[in-house]
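One structure below.
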Amino acid sequence: MAASRDKPVYSRWLEKQGVPRGAYPEEVCRKAAVPPDSRNCPALEAVKAVVLHHSATESGGAGAFRVFHRLVRGWDDLGYHFVIGNGTHTGDGVLEEGRPLRCRGAHARGANEFSLGVCLVGDFNKGKPTLRQMNTLGLLLGRLMKEYGLSESAIMLHSQVMGSKTECPGRNLTLAMALQSIGLLEEREG
Ligand SMILES: [Zn+2]
C-alpha cells in the first residue's frame, strides 16, 4: 500500500470495518499484511471455477484484506487469489495477487476446493465497479480461462455457489457484466 510508514493505515481501516479501536496496533497489522510463508499451504487440487466477490467495503486492497483475514478471521492468509483495486489503497483497476494459485483459498464455502477467488474492491450493493476494474477483470478472466481450460460456465458469482447465503458480489455486479468484460456475450450473440 502506498502509505507513509507512520500513518496507522491498517488499524484505521480495521476500525472503519467495525473492529474496536486499538484491538490490533498498526505494528501488528503491518506484519500481518506481509504474505506469509505458503510452502505448506493446503493445495488447490484442480481449478474448475472462478468465483467473483466484492469486498463490501468502500476502500481496501490485498494488504488490508490480508490483515483482516489473518487477524480478525484467524485465517492463514488472504482468502482471495486476486484483488482488483478501486483507486483507494491501490490504483483503479490495479490487479494484486493474493493467495498463491497453487494454494486453496478461503473465499466461498463449498467451492474453495476447486475454485479461484477474485475480489473487486467496493460495495456493489451501493456503488458499481469502475470501468477499469471491469477491464482488468475481463483480462484476468480471459487469462485464467485459457490457462485452466475453462468455459464461461466456470465463471460464477459468490451468491451462485451452492449453499451460499450471501448477496456477494452485490446487485451491481452481475454475471452478464463479468462475461461481457471478457467479450463472451458479444461473441456468442454476434
Ligand atoms: Zn464473496
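Naming works like this for the C-alpha cells: A, B, ... for the chains as they're shown, residue 1 at the start of each chain, ligands 1 onward in shown order.
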
Point to revise | 9 Å shell around ligand 1 using only C-alpha atoms and all ligand atoms, listed as a ChimeraX atom specification | key: /A:51-56,107-108,117-119,157-159,166-170

Atoms kept (C-alpha atoms) for selection, written as a PDB file, in the first residue's frame:
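See out15.pdb below for the written result:
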ATOM      1  CA  VAL A  51     -15.712 -17.156  -8.082  1.00  0.00           C
ATOM      2  CA  LEU A  52     -16.297 -13.401  -8.092  1.00  0.00           C
ATOM      3  CA  HIS A  53     -16.602 -11.312  -4.933  1.00  0.00           C
ATOM      4  CA  HIS A  54     -16.893  -7.721  -3.830  1.00  0.00           C
ATOM      5  CA  SER A  55     -15.134  -6.602  -0.681  1.00  0.00           C
ATOM      6  CA  ALA A  56     -18.345  -4.995   0.655  1.00  0.00           C
ATOM      7  CA  HIS A 107     -13.496 -17.240  -0.109  1.00  0.00           C
ATOM      8  CA  ALA A 108     -16.536 -19.377  -0.868  1.00  0.00           C
ATOM      9  CA  GLY A 117     -11.357 -16.351  -5.746  1.00  0.00           C
ATOM     10  CA  VAL A 118     -11.291 -12.876  -7.299  1.00  0.00           C
ATOM     11  CA  CYS A 119     -12.330  -9.859  -5.225  1.00  0.00           C
ATOM     12  CA  LEU A 157     -20.733 -15.133  -8.561  1.00  0.00           C
ATOM     13  CA  HIS A 158     -20.231 -15.960  -4.901  1.00  0.00           C
ATOM     14  CA  SER A 159     -24.024 -15.902  -4.486  1.00  0.00           C
ATOM     15  CA  THR A 166     -24.712 -14.225   0.518  1.00  0.00           C
ATOM     16  CA  GLU A 167     -25.525 -11.272  -1.708  1.00  0.00           C
ATOM     17  CA  CYS A 168     -21.868 -11.087  -2.685  1.00  0.00           C
ATOM     18  CA  PRO A 169     -20.775  -9.528  -5.066  1.00  0.00           C
ATOM     19  CA  GLY A 170     -23.780  -7.221  -4.704  1.00  0.00           C
TER      20      GLY A 170
END

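Near A:Ala106, within 7 Å and counting only C-alpha atoms, sit A:Gly79, A:Tyr80, A:Asn112, not including residues fewer than 3 positions from it in the same chain.
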
Exercise for review: Could you give me, as a PyMOL selection string, the residues within 10 Å of stretch 171-181 of chain A, counting only C-alpha atoms and dropping anything in the same chain fewer than 6 positions from it?
Suggested key: chain A and resi 52-54+120+123-129+131+133-142+152-153+155-157+160+187

Selection file, C-alpha atoms, as an mmCIF file, in the first residue's frame:
data_model
loop_
_atom_site.group_PDB
_atom_site.id
_atom_site.type_symbol
_atom_site.label_atom_id
_atom_site.label_comp_id
_atom_site.auth_asym_id
_atom_site.auth_seq_id
_atom_site.Cartn_x
_atom_site.Cartn_y
_atom_site.Cartn_z
ATOM 1 C CA LEU A 52 -16.297 -13.401 -8.092
ATOM 2 C CA HIS A 53 -16.602 -11.312 -4.933
ATOM 3 C CA HIS A 54 -16.893 -7.721 -3.830
ATOM 4 C CA LEU A 120 -13.171 -6.423 -6.593
ATOM 5 C CA ASP A 123 -19.583 -2.369 -2.086
ATOM 6 C CA PHE A 124 -21.634 -3.199 -5.152
ATOM 7 C CA ASN A 125 -24.932 -3.126 -3.340
ATOM 8 C CA LYS A 126 -24.356 0.611 -3.020
ATOM 9 C CA GLY A 127 -21.920 1.527 -5.801
ATOM 10 C CA LYS A 128 -20.801 -0.042 -9.043
ATOM 11 C CA PRO A 129 -17.474 -1.491 -10.156
ATOM 12 C CA LEU A 131 -14.800 0.662 -15.843
ATOM 13 C CA GLN A 133 -11.996 -2.713 -12.605
ATOM 14 C CA MET A 134 -14.195 -4.401 -15.214
ATOM 15 C CA ASN A 135 -11.482 -4.124 -17.863
ATOM 16 C CA THR A 136 -8.975 -5.738 -15.528
ATOM 17 C CA LEU A 137 -11.497 -8.400 -14.586
ATOM 18 C CA GLY A 138 -12.055 -9.199 -18.250
ATOM 19 C CA LEU A 139 -8.343 -9.548 -18.933
ATOM 20 C CA LEU A 140 -7.830 -11.672 -15.840
ATOM 21 C CA LEU A 141 -10.777 -13.976 -16.566
ATOM 22 C CA GLY A 142 -9.654 -14.403 -20.164
ATOM 23 C CA GLU A 152 -17.775 -19.344 -19.487
ATOM 24 C CA SER A 153 -19.912 -21.632 -17.336
ATOM 25 C CA ILE A 155 -17.298 -18.144 -14.060
ATOM 26 C CA MET A 156 -19.646 -17.655 -11.128
ATOM 27 C CA LEU A 157 -20.733 -15.133 -8.561
ATOM 28 C CA GLN A 160 -24.304 -18.676 -7.101
ATOM 29 C CA GLU A 187 -19.020 -13.317 -29.452
#

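Nearest-residue note for A:Arg99: choosing from A:Val121, A:Ala43, A:Val19, A:Met145, the minimum distance belongs to A:Ala43, counting only C-alpha atoms.
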